[in-house]
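J.: Contents are TSV, C-alpha atoms; file name start.tsv:
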```
chain	number	residue	atom	x	y	z
O	19	MET	CA	108.90	87.35	87.70
O	20	SER	CA	105.75	87.11	89.80
O	21	ARG	CA	104.48	89.51	92.44
O	22	LEU	CA	102.99	88.21	95.69
O	23	ALA	CA	100.57	90.07	97.95
O	24	VAL	CA	99.82	88.99	101.51
O	25	VAL	CA	96.56	90.66	102.56
O	26	THR	CA	95.21	90.37	106.10
O	27	GLY	CA	91.48	90.68	106.70
O	28	ALA	CA	90.88	89.86	103.04
O	29	ASN	CA	87.56	88.11	103.54
O	30	ARG	CA	85.45	91.26	103.30
O	31	GLY	CA	85.37	95.03	102.91
O	32	PHE	CA	88.50	96.96	102.06
O	33	GLY	CA	90.81	93.94	102.29
O	34	LYS	CA	88.83	92.11	99.62
O	35	CYS	CA	88.77	95.23	97.42
O	36	VAL	CA	92.55	95.70	97.72
O	37	ALA	CA	93.19	92.12	96.63
O	38	VAL	CA	90.94	92.54	93.60
O	39	GLU	CA	92.49	95.88	92.59
O	40	LEU	CA	96.03	94.50	92.92
O	41	ALA	CA	95.05	91.63	90.63
O	42	ARG	CA	93.82	93.93	87.85
O	43	ASN	CA	96.09	94.04	84.80
O	44	ALA	CA	98.08	91.22	86.44
O	45	PHE	CA	100.06	93.67	88.59
O	46	VAL	CA	100.03	91.01	91.34
O	47	ASN	CA	99.56	87.41	90.29
O	48	GLU	CA	99.97	85.46	93.54
O	49	PHE	CA	98.00	86.03	96.74
O	50	LEU	CA	97.93	84.85	100.32
O	51	LEU	CA	94.61	86.04	101.74
O	52	SER	CA	94.06	85.84	105.48
O	53	HIS	CA	90.76	85.64	107.30
O	54	ARG	CA	89.54	85.24	110.84
O	55	GLY	CA	87.95	81.96	111.90
O	56	SER	CA	84.42	82.97	110.91
O	57	GLY	CA	85.56	84.43	107.60
O	58	ALA	CA	86.47	81.31	105.62
O	59	ALA	CA	83.47	81.60	103.29
O	60	GLY	CA	84.21	85.28	102.71
O	61	ALA	CA	87.82	84.44	101.87
O	62	GLN	CA	86.64	82.00	99.21
O	63	ASP	CA	84.41	84.74	97.78
O	64	SER	CA	87.50	86.96	97.67
O	65	VAL	CA	89.38	84.28	95.76
O	66	LYS	CA	86.56	84.16	93.20
O	67	GLU	CA	86.61	87.95	92.79
O	68	VAL	CA	90.40	88.01	92.41
O	69	LYS	CA	90.19	85.33	89.74
O	70	ALA	CA	87.41	87.26	88.01
O	71	ALA	CA	89.80	90.22	87.82
O	72	ALA	CA	92.77	88.07	86.75
O	73	SER	CA	91.95	84.51	85.77
O	74	ALA	CA	95.59	83.36	86.02
O	75	ALA	CA	96.01	84.59	89.61
O	76	LEU	CA	97.16	82.00	92.12
O	77	CYS	CA	95.44	82.28	95.51
O	78	ARG	CA	95.95	80.66	98.88
O	79	THR	CA	94.04	81.42	102.07
O	80	VAL	CA	95.06	81.18	105.72
O	81	GLU	CA	93.22	81.64	108.99
O	82	LEU	CA	94.95	84.23	111.19
O	83	ASP	CA	93.39	84.90	114.57
O	84	MET	CA	94.65	88.38	115.39
O	85	SER	CA	93.34	88.04	118.93
O	86	ASP	CA	95.61	85.05	119.60
O	87	LEU	CA	99.15	86.38	119.73
O	88	ASN	CA	100.49	82.88	120.43
O	89	SER	CA	99.29	81.50	117.11
O	90	VAL	CA	99.37	84.39	114.66
O	91	VAL	CA	103.12	84.22	113.93
O	92	SER	CA	103.30	80.43	113.65
O	93	SER	CA	100.20	80.35	111.41
O	94	LEU	CA	101.58	83.04	109.10
O	95	THR	CA	105.08	81.54	108.96
O	96	ALA	CA	103.64	78.13	108.05
O	97	ALA	CA	101.52	79.73	105.32
O	98	LEU	CA	104.55	81.56	103.89
O	99	ALA	CA	106.74	78.44	103.81
O	100	PRO	CA	105.64	77.30	100.31
O	101	PHE	CA	106.98	80.58	98.88
O	102	ALA	CA	110.53	80.06	100.17
O	103	ASP	CA	111.81	78.60	96.89
O	104	SER	CA	110.08	81.08	94.57
O	105	ASP	CA	111.54	84.15	92.90
O	106	PHE	CA	109.52	87.36	93.12
O	107	ALA	CA	109.86	90.78	91.54
O	108	GLU	CA	108.03	92.13	94.59
O	109	VAL	CA	106.30	90.92	97.72
O	110	ILE	CA	103.72	93.20	99.36
O	111	LEU	CA	102.16	92.94	102.81
O	112	ILE	CA	98.85	94.72	103.32
O	113	ASN	CA	98.17	95.05	107.06
O	114	ASN	CA	94.42	95.55	106.77
O	115	ALA	CA	92.91	93.42	109.55
O	116	GLY	CA	91.48	95.44	112.40
O	117	SER	CA	88.41	96.29	114.45
O	118	ILE	CA	86.78	99.49	115.63
O	119	GLY	CA	86.76	98.63	119.33
O	120	THR	CA	84.38	99.86	122.01
O	121	LEU	CA	82.83	103.21	121.07
O	122	GLN	CA	82.62	104.59	124.59
O	123	PRO	CA	84.42	107.31	126.58
O	124	CYS	CA	87.82	105.93	127.56
O	125	ALA	CA	87.06	105.81	131.30
O	126	LEU	CA	84.08	103.51	130.67
O	127	ILE	CA	85.99	100.90	128.67
O	128	PRO	CA	86.62	97.74	130.73
O	129	SER	CA	90.30	96.97	131.17
O	130	SER	CA	89.93	93.55	129.56
O	131	GLU	CA	88.44	95.09	126.40
O	132	ALA	CA	91.24	97.66	126.17
O	133	VAL	CA	93.88	94.93	126.43
O	134	GLU	CA	92.11	92.74	123.86
O	135	ASN	CA	91.83	95.66	121.45
O	136	VAL	CA	95.51	96.58	121.72
O	137	ASN	CA	96.50	92.94	121.22
O	138	ALA	CA	94.36	92.47	118.12
O	139	ASN	CA	94.90	95.86	116.49
O	140	VAL	CA	98.45	96.82	117.48
O	141	SER	CA	100.44	93.86	118.78
O	142	ALA	CA	99.17	91.45	116.11
O	143	CYS	CA	99.98	93.96	113.36
O	144	MET	CA	103.51	94.31	114.72
O	145	LEU	CA	103.97	90.55	114.94
O	146	VAL	CA	102.67	89.98	111.41
O	147	THR	CA	105.02	92.66	110.10
O	148	ASN	CA	107.95	91.16	112.00
O	149	ALA	CA	107.19	87.66	110.70
O	150	PHE	CA	106.90	88.99	107.14
O	151	LEU	CA	110.22	90.83	107.34
O	152	SER	CA	111.96	87.90	109.04
O	153	PHE	CA	110.81	85.56	106.29
O	154	PHE	CA	111.37	87.70	103.21
O	155	SER	CA	114.33	89.96	104.12
O	156	PRO	CA	116.84	87.09	103.79
O	157	LEU	CA	115.27	86.19	100.43
O	158	LYS	CA	115.72	89.80	99.32
O	159	THR	CA	119.36	89.72	100.43
O	160	SER	CA	119.93	86.52	98.48
O	161	GLY	CA	118.34	88.00	95.36
O	162	LYS	CA	115.27	85.77	95.25
O	163	VAL	CA	113.03	88.75	96.03
O	164	SER	CA	113.76	92.04	94.29
O	165	LYS	CA	111.54	94.37	96.29
O	166	LEU	CA	109.56	94.36	99.55
O	167	ALA	CA	106.71	96.69	100.53
O	168	VAL	CA	104.60	96.89	103.69
O	169	VAL	CA	101.34	98.82	103.83
O	170	ASN	CA	99.55	99.69	107.05
O	171	VAL	CA	95.89	100.52	106.48
O	172	SER	CA	95.71	103.66	108.57
O	173	SER	CA	93.11	106.37	109.12
O	174	LEU	CA	92.71	110.11	109.51
O	175	LEU	CA	92.05	109.18	113.14
O	176	ALA	CA	95.69	108.15	113.50
O	177	LEU	CA	96.35	111.90	113.38
O	178	GLN	CA	93.11	113.42	114.62
O	179	PRO	CA	91.38	112.62	117.95
O	180	MET	CA	87.63	112.05	118.18
O	181	LYS	CA	85.27	111.38	121.06
O	182	GLY	CA	84.53	107.70	121.60
O	183	PHE	CA	87.43	106.53	119.44
O	184	SER	CA	90.19	106.37	122.06
O	185	LEU	CA	91.00	102.72	121.31
O	186	TYR	CA	90.77	103.13	117.53
O	187	CYS	CA	92.73	106.40	117.36
O	188	SER	CA	95.44	105.07	119.66
O	189	ALA	CA	95.78	101.81	117.72
O	190	LYS	CA	96.03	103.56	114.36
O	191	ALA	CA	98.55	106.09	115.70
O	192	ALA	CA	100.69	103.31	117.16
O	193	ARG	CA	100.65	101.38	113.89
O	194	ASP	CA	101.66	104.48	111.95
O	195	MET	CA	104.63	105.09	114.23
O	196	TYR	CA	105.67	101.45	114.02
O	197	MET	CA	105.85	101.74	110.23
O	198	ARG	CA	107.88	104.95	110.49
O	199	CYS	CA	110.39	103.25	112.79
O	200	ALA	CA	110.56	100.19	110.55
O	201	ALA	CA	111.27	102.44	107.57
O	202	LEU	CA	114.36	103.74	109.37
O	203	GLU	CA	115.51	100.25	110.32
O	204	PHE	CA	114.86	98.68	106.90
O	205	PRO	CA	115.68	101.45	104.39
O	206	ASP	CA	115.62	99.00	101.49
O	207	VAL	CA	111.98	98.07	102.22
O	208	ARG	CA	109.11	100.37	101.25
O	209	PHE	CA	106.66	101.25	104.06
O	210	LEU	CA	103.40	103.14	103.65
O	211	ASN	CA	100.65	104.26	106.02
O	212	TYR	CA	97.58	104.60	103.79
O	213	ALA	CA	94.40	106.25	105.09
O	214	PRO	CA	91.62	105.04	102.76
O	215	GLY	CA	89.01	107.63	103.72
O	216	PRO	CA	85.59	107.12	105.36
O	217	MET	CA	84.41	104.09	103.43
O	218	ASP	CA	80.96	102.59	103.00
O	219	THR	CA	81.73	99.37	104.86
O	220	ALA	CA	80.37	97.27	107.73
O	221	MET	CA	82.72	99.14	110.08
O	222	HIS	CA	81.11	102.47	109.22
O	223	ALA	CA	77.67	100.95	109.74
O	224	GLU	CA	78.83	99.74	113.15
O	225	ILE	CA	79.81	103.30	114.08
O	226	ARG	CA	76.48	104.72	112.87
O	227	SER	CA	74.50	102.24	114.93
O	228	GLY	CA	76.66	101.89	118.01
O	229	HIS	CA	78.46	105.14	118.84
O	230	ALA	CA	77.67	106.43	122.32
O	231	ASP	CA	77.98	110.14	121.47
O	232	ALA	CA	74.93	111.63	119.75
O	233	GLU	CA	76.92	114.38	118.01
O	234	VAL	CA	79.47	111.96	116.53
O	235	LYS	CA	76.75	109.51	115.57
O	236	LYS	CA	74.89	112.29	113.73
O	237	GLN	CA	78.10	113.20	111.88
O	238	PHE	CA	78.65	109.66	110.66
O	239	CYS	CA	74.99	109.17	109.74
O	240	GLY	CA	75.23	112.40	107.77
O	241	MET	CA	78.11	110.99	105.71
O	242	LYS	CA	75.95	108.04	104.73
O	243	GLY	CA	72.87	110.14	104.08
O	244	SER	CA	74.70	112.66	101.89
O	245	GLY	CA	76.37	109.96	99.80
O	246	SER	CA	79.83	111.24	100.71
O	247	LEU	CA	81.28	107.91	101.83
O	248	VAL	CA	84.14	106.54	99.75
O	249	ASP	CA	83.60	103.44	97.63
O	250	PRO	CA	86.08	100.86	99.02
O	251	SER	CA	86.96	99.76	95.49
O	252	ALA	CA	87.82	103.33	94.50
O	253	SER	CA	90.13	103.74	97.49
O	254	ALA	CA	91.69	100.32	96.85
O	255	ALA	CA	92.39	101.39	93.26
O	256	VAL	CA	94.24	104.47	94.54
O	257	LEU	CA	96.35	102.31	96.85
O	258	ALA	CA	97.16	99.94	93.98
O	259	ARG	CA	98.25	102.93	91.89
O	260	LEU	CA	100.52	104.19	94.67
O	261	LEU	CA	102.17	100.78	94.87
O	262	ARG	CA	102.54	100.43	91.10
O	263	ASN	CA	104.11	103.87	90.80
O	264	ASN	CA	106.10	103.64	94.04
O	265	ALA	CA	104.84	107.17	94.60
O	266	PHE	CA	105.11	107.79	98.33
O	267	GLU	CA	107.62	108.85	100.97
O	268	ASN	CA	109.02	105.84	102.78
O	269	GLY	CA	107.23	105.50	106.12
O	270	GLY	CA	104.91	108.35	105.23
O	271	HIS	CA	101.18	108.81	105.83
O	272	VAL	CA	99.13	109.24	102.64
O	273	ASP	CA	95.42	110.07	102.69
O	274	TYR	CA	93.06	109.00	99.91
O	275	TYR	CA	91.75	112.54	99.48
O	276	ASP	CA	95.23	113.93	98.93
O	277	VAL	CA	96.04	111.66	95.97
O	278	LYS	CA	92.73	110.40	94.54
O	279	ASP	CA	92.82	112.78	91.57
O	280	GLU	CA	96.44	112.25	90.60
O	281	ALA	CA	97.11	110.79	87.17
O	282	ASP	CA	98.18	107.17	86.91
```
Could you quickly redo this structure as structure tokens?

T.:
Amino acid sequence: MSRLAVVTGANRGFGKCVAVELARNAFVNEFLLSHRGSGAAGAQDSVKEVKAAASAALCRTVELDMSDLNSVVSSLTAALAPFADSDFAEVILINNAGSIGTLQPCALIPSSEAVENVNANVSACMLVTNAFLSFFSPLKTSGKVSKLAVVNVSSLLALQPMKGFSLYCSAKAARDMYMRCAALEFPDVRFLNYAPGPMDTAMHAEIRSGHADAEVKKQFCGMKGSGSLVDPSASAAVLARLLRNNAFENGGHVDYYDVKDEAD
């Protein structure tokens, strides 16, 4: 039977890399790749890269506006509808979409920006997860889907505070806890919080150029200058291996650096 992966924020960066790595060796052969409104072209590039990794892969794309809580569930549910009559060995949700937020001391962040950040990075993730479980859990019960897995793309900053990252740290911590609670409520579904490491992506460049704290900015610039940033494809390959091997505690937090050297 086929495997299906639903990847949010798949139009660039780590989301694109995860889709490509899941496609390798035909581990996953059907994809629903989400993008924000301005990311349609990037999503089509992701489709091309997935098909380059696995020519037989079937790909669909969907626009999900994580800042619009009124539309995100209806848009995702409509995009999932064509899969209702299919049989799957496994269906995987990769909750990757997210933003860094305002890189200022917490007291200087306008209230409207704080609310928008929580909506896009926490509430939307919860709603996407809920919609995924609501759609596929009955199919698992009926035997049409053999296995379900949900991955939250987390961060070391879900566990460790840092100046200027109050929105980002809080959002990642909240998402981690949501997955832990879901793992208790759905013990037959696999949940993973995966911290991919400090990756060489547009988000890291945004931190290097826009962080308000000189000390933190120097630290992140030093990562880039020393060549110590993680290749997003390498981290995505580790995540794909974890999913293939089912090698994680349900609801647990796994960091790239803790498992990157483990044998496949």

J.: Any idea what's packed within 10 Å of range 30-45 of chain O, counting only C-alpha atoms, ignoring anything in its chain fewer than 5 positions away? Could you give it as a tab-separated table (two decimals) with C-alpha atoms, in the frame of the given file?

T.:
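Saved file around.tsv follows:
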```tsv
chain	number	residue	atom	x	y	z
O	20	SER	CA	105.75	87.11	89.80
O	21	ARG	CA	104.48	89.51	92.44
O	22	LEU	CA	102.99	88.21	95.69
O	23	ALA	CA	100.57	90.07	97.95
O	24	VAL	CA	99.82	88.99	101.51
O	25	VAL	CA	96.56	90.66	102.56
O	50	LEU	CA	97.93	84.85	100.32
O	51	LEU	CA	94.61	86.04	101.74
O	52	SER	CA	94.06	85.84	105.48
O	53	HIS	CA	90.76	85.64	107.30
O	57	GLY	CA	85.56	84.43	107.60
O	59	ALA	CA	83.47	81.60	103.29
O	60	GLY	CA	84.21	85.28	102.71
O	61	ALA	CA	87.82	84.44	101.87
O	63	ASP	CA	84.41	84.74	97.78
O	64	SER	CA	87.50	86.96	97.67
O	65	VAL	CA	89.38	84.28	95.76
O	66	LYS	CA	86.56	84.16	93.20
O	67	GLU	CA	86.61	87.95	92.79
O	68	VAL	CA	90.40	88.01	92.41
O	69	LYS	CA	90.19	85.33	89.74
O	70	ALA	CA	87.41	87.26	88.01
O	71	ALA	CA	89.80	90.22	87.82
O	72	ALA	CA	92.77	88.07	86.75
O	73	SER	CA	91.95	84.51	85.77
O	74	ALA	CA	95.59	83.36	86.02
O	75	ALA	CA	96.01	84.59	89.61
O	76	LEU	CA	97.16	82.00	92.12
O	112	ILE	CA	98.85	94.72	103.32
O	113	ASN	CA	98.17	95.05	107.06
O	114	ASN	CA	94.42	95.55	106.77
O	115	ALA	CA	92.91	93.42	109.55
O	171	VAL	CA	95.89	100.52	106.48
O	214	PRO	CA	91.62	105.04	102.76
O	217	MET	CA	84.41	104.09	103.43
O	218	ASP	CA	80.96	102.59	103.00
O	219	THR	CA	81.73	99.37	104.86
O	220	ALA	CA	80.37	97.27	107.73
O	221	MET	CA	82.72	99.14	110.08
O	249	ASP	CA	83.60	103.44	97.63
O	250	PRO	CA	86.08	100.86	99.02
O	251	SER	CA	86.96	99.76	95.49
O	252	ALA	CA	87.82	103.33	94.50
O	253	SER	CA	90.13	103.74	97.49
O	254	ALA	CA	91.69	100.32	96.85
O	255	ALA	CA	92.39	101.39	93.26
O	256	VAL	CA	94.24	104.47	94.54
O	257	LEU	CA	96.35	102.31	96.85
O	258	ALA	CA	97.16	99.94	93.98
O	259	ARG	CA	98.25	102.93	91.89
O	261	LEU	CA	102.17	100.78	94.87
O	262	ARG	CA	102.54	100.43	91.10
```

J.: Counting only C-alpha atoms, which residue out of O:Ser172, O:Asn264, O:Val248, O:Ala232 sits closest to Arg208 in chain O?

T.: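 Counting only C-alpha atoms, the residue closest to Arg208 in chain O is O:Asn264.
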
J.: Using all atoms listed in the file, pick whichever of O:Ala191, O:Ala138, O:Met180, O:Leu260 has the shortest atom-to-atom distance to Gln237 in chain O.

T.: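 The answer is O:Met180, which sits nearest to Gln237 in chain O.
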
J.: If I take CA of Tyr275 in chain O and CA of Cys124 in chain O, how far is one from the other in Å, to one decimal?

T.: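 So the answer is 29.1 Å.
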
J.: With distances taken over all atoms listed in the file, which residue among O:Lys242, O:Lys190, O:His229, O:Lys278 lies nearest Asn139 in chain O?

T.: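 Of O:Lys242, O:Lys190, O:His229, O:Lys278, the one nearest Asn139 in chain O, counting all atoms listed in the file, is O:Lys190.
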
J.: Between O:Phe106, O:Phe49, O:Phe238, O:Phe266, which residue has the minimum interatomic distance to Asn211 in chain O, considering only C-alpha atoms?

T.: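 Of the candidates, the smallest distance to Asn211 in chain O is held by O:Phe266.
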
J.: Of the residues O:Gly119, O:Val163, O:Asn137, O:Lys181, which is the one nearest to Glu233 in chain O, using all atoms listed in the file?

T.: O:Lys181

J.: Might you pull out every residue within 9 Å of range 194-196 of chain O, with all atoms listed in the file counted and same-chain residues fewer than 4 positions away left off, and present them as a compact mmCIF listing (two decimals) with C-alpha atoms, keeping the file's coordinate frame?

T.:
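result01.txt, freshly written:
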```
# COMPACT_ATOMS: atom_id res chain seq x y z
CA MET O 144 103.51 94.31 114.72
CA ASN O 170 99.55 99.69 107.05
CA VAL O 171 95.89 100.52 106.48
CA SER O 172 95.71 103.66 108.57
CA ALA O 176 95.69 108.15 113.50
CA ALA O 189 95.78 101.81 117.72
CA LYS O 190 96.03 103.56 114.36
CA ALA O 200 110.56 100.19 110.55
CA ALA O 201 111.27 102.44 107.57
CA LEU O 210 103.40 103.14 103.65
CA ASN O 211 100.65 104.26 106.02
CA GLY O 269 107.23 105.50 106.12
CA GLY O 270 104.91 108.35 105.23
CA HIS O 271 101.18 108.81 105.83
```

J.: Considering all atoms listed in the file, state which residue in the set O:Asp103, O:Leu185, O:Val91, O:Glu203 is at the smallest distance from Pro128 in chain O.

T.: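 Among the listed residues, O:Leu185 lies closest to Pro128 in chain O.
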
J.: Residues within 12 Å of Ala125 in chain O, please, as a list of chain:residue names. Count only C-alpha atoms; anything in the same chain fewer than 4 positions from it doesn't count.

T.: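 Contacts, with the query itself left out: O:Thr120, O:Leu121, O:Ser129, O:Glu131, O:Ala132, O:Lys181, O:Gly182, O:Phe183, O:Ser184, O:Leu185.
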
J.: Please write the residues from the selection above to a file, keeping C-alpha atoms, as a PDB file, keeping the file's coordinate frame.

T.:
```
ATOM      1  CA  THR O 120      84.380  99.860 122.010  1.00  0.00           C
ATOM      2  CA  LEU O 121      82.830 103.210 121.070  1.00  0.00           C
ATOM      3  CA  SER O 129      90.300  96.970 131.170  1.00  0.00           C
ATOM      4  CA  GLU O 131      88.440  95.090 126.400  1.00  0.00           C
ATOM      5  CA  ALA O 132      91.240  97.660 126.170  1.00  0.00           C
ATOM      6  CA  LYS O 181      85.270 111.380 121.060  1.00  0.00           C
ATOM      7  CA  GLY O 182      84.530 107.700 121.600  1.00  0.00           C
ATOM      8  CA  PHE O 183      87.430 106.530 119.440  1.00  0.00           C
ATOM      9  CA  SER O 184      90.190 106.370 122.060  1.00  0.00           C
ATOM     10  CA  LEU O 185      91.000 102.720 121.310  1.00  0.00           C
TER      11      LEU O 185
END
```

J.: Within 12 Å of Pro100 in chain O, counting all atoms listed in the file, which residues show up once you throw out same-chain ones fewer than 4 positions away? Write them as a compact mmCIF listing (two decimals) with C-alpha atoms, in the frame of the given file, please.

T.:
```txt
# COMPACT_ATOMS: atom_id res chain seq x y z
CA LEU O 50 97.93 84.85 100.32
CA ARG O 78 95.95 80.66 98.88
CA LEU O 94 101.58 83.04 109.10
CA THR O 95 105.08 81.54 108.96
CA ALA O 96 103.64 78.13 108.05
CA SER O 104 110.08 81.08 94.57
CA ASP O 105 111.54 84.15 92.90
CA PHE O 153 110.81 85.56 106.29
```

J.: What's around Gly228 in chain O at 10 Å? Count only C-alpha atoms, leave out sequence neighbours fewer than 4 positions away in its own chain, and write the answer as a list in words.

T.: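 So the residues in contact are Thr120, Leu121, Gln122, His222, Ala223, Glu224 and Lys235 of chain O.
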
J.: Take the residues from that selection and write them out as an mmCIF file, keeping the file's coordinate frame, keeping C-alpha atoms.

T.:
```cif
data_model
loop_
_atom_site.group_PDB
_atom_site.id
_atom_site.type_symbol
_atom_site.label_atom_id
_atom_site.label_comp_id
_atom_site.auth_asym_id
_atom_site.auth_seq_id
_atom_site.Cartn_x
_atom_site.Cartn_y
_atom_site.Cartn_z
ATOM 1 C CA THR O 120 84.380 99.860 122.010
ATOM 2 C CA LEU O 121 82.830 103.210 121.070
ATOM 3 C CA GLN O 122 82.620 104.590 124.590
ATOM 4 C CA HIS O 222 81.110 102.470 109.220
ATOM 5 C CA ALA O 223 77.670 100.950 109.740
ATOM 6 C CA GLU O 224 78.830 99.740 113.150
ATOM 7 C CA LYS O 235 76.750 109.510 115.570
#
```

J.: By how many Å are CA of Val234 in chain O and CA of Pro123 in chain O apart?

T.: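 Here the two named atoms are 12.1 Å from each other.
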
J.: Rounded to one decimal in Å, what is the spacing between CA of Ser89 in chain O and CA of Glu48 in chain O?

T.: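 Between these atoms lies a distance of 23.9 Å.
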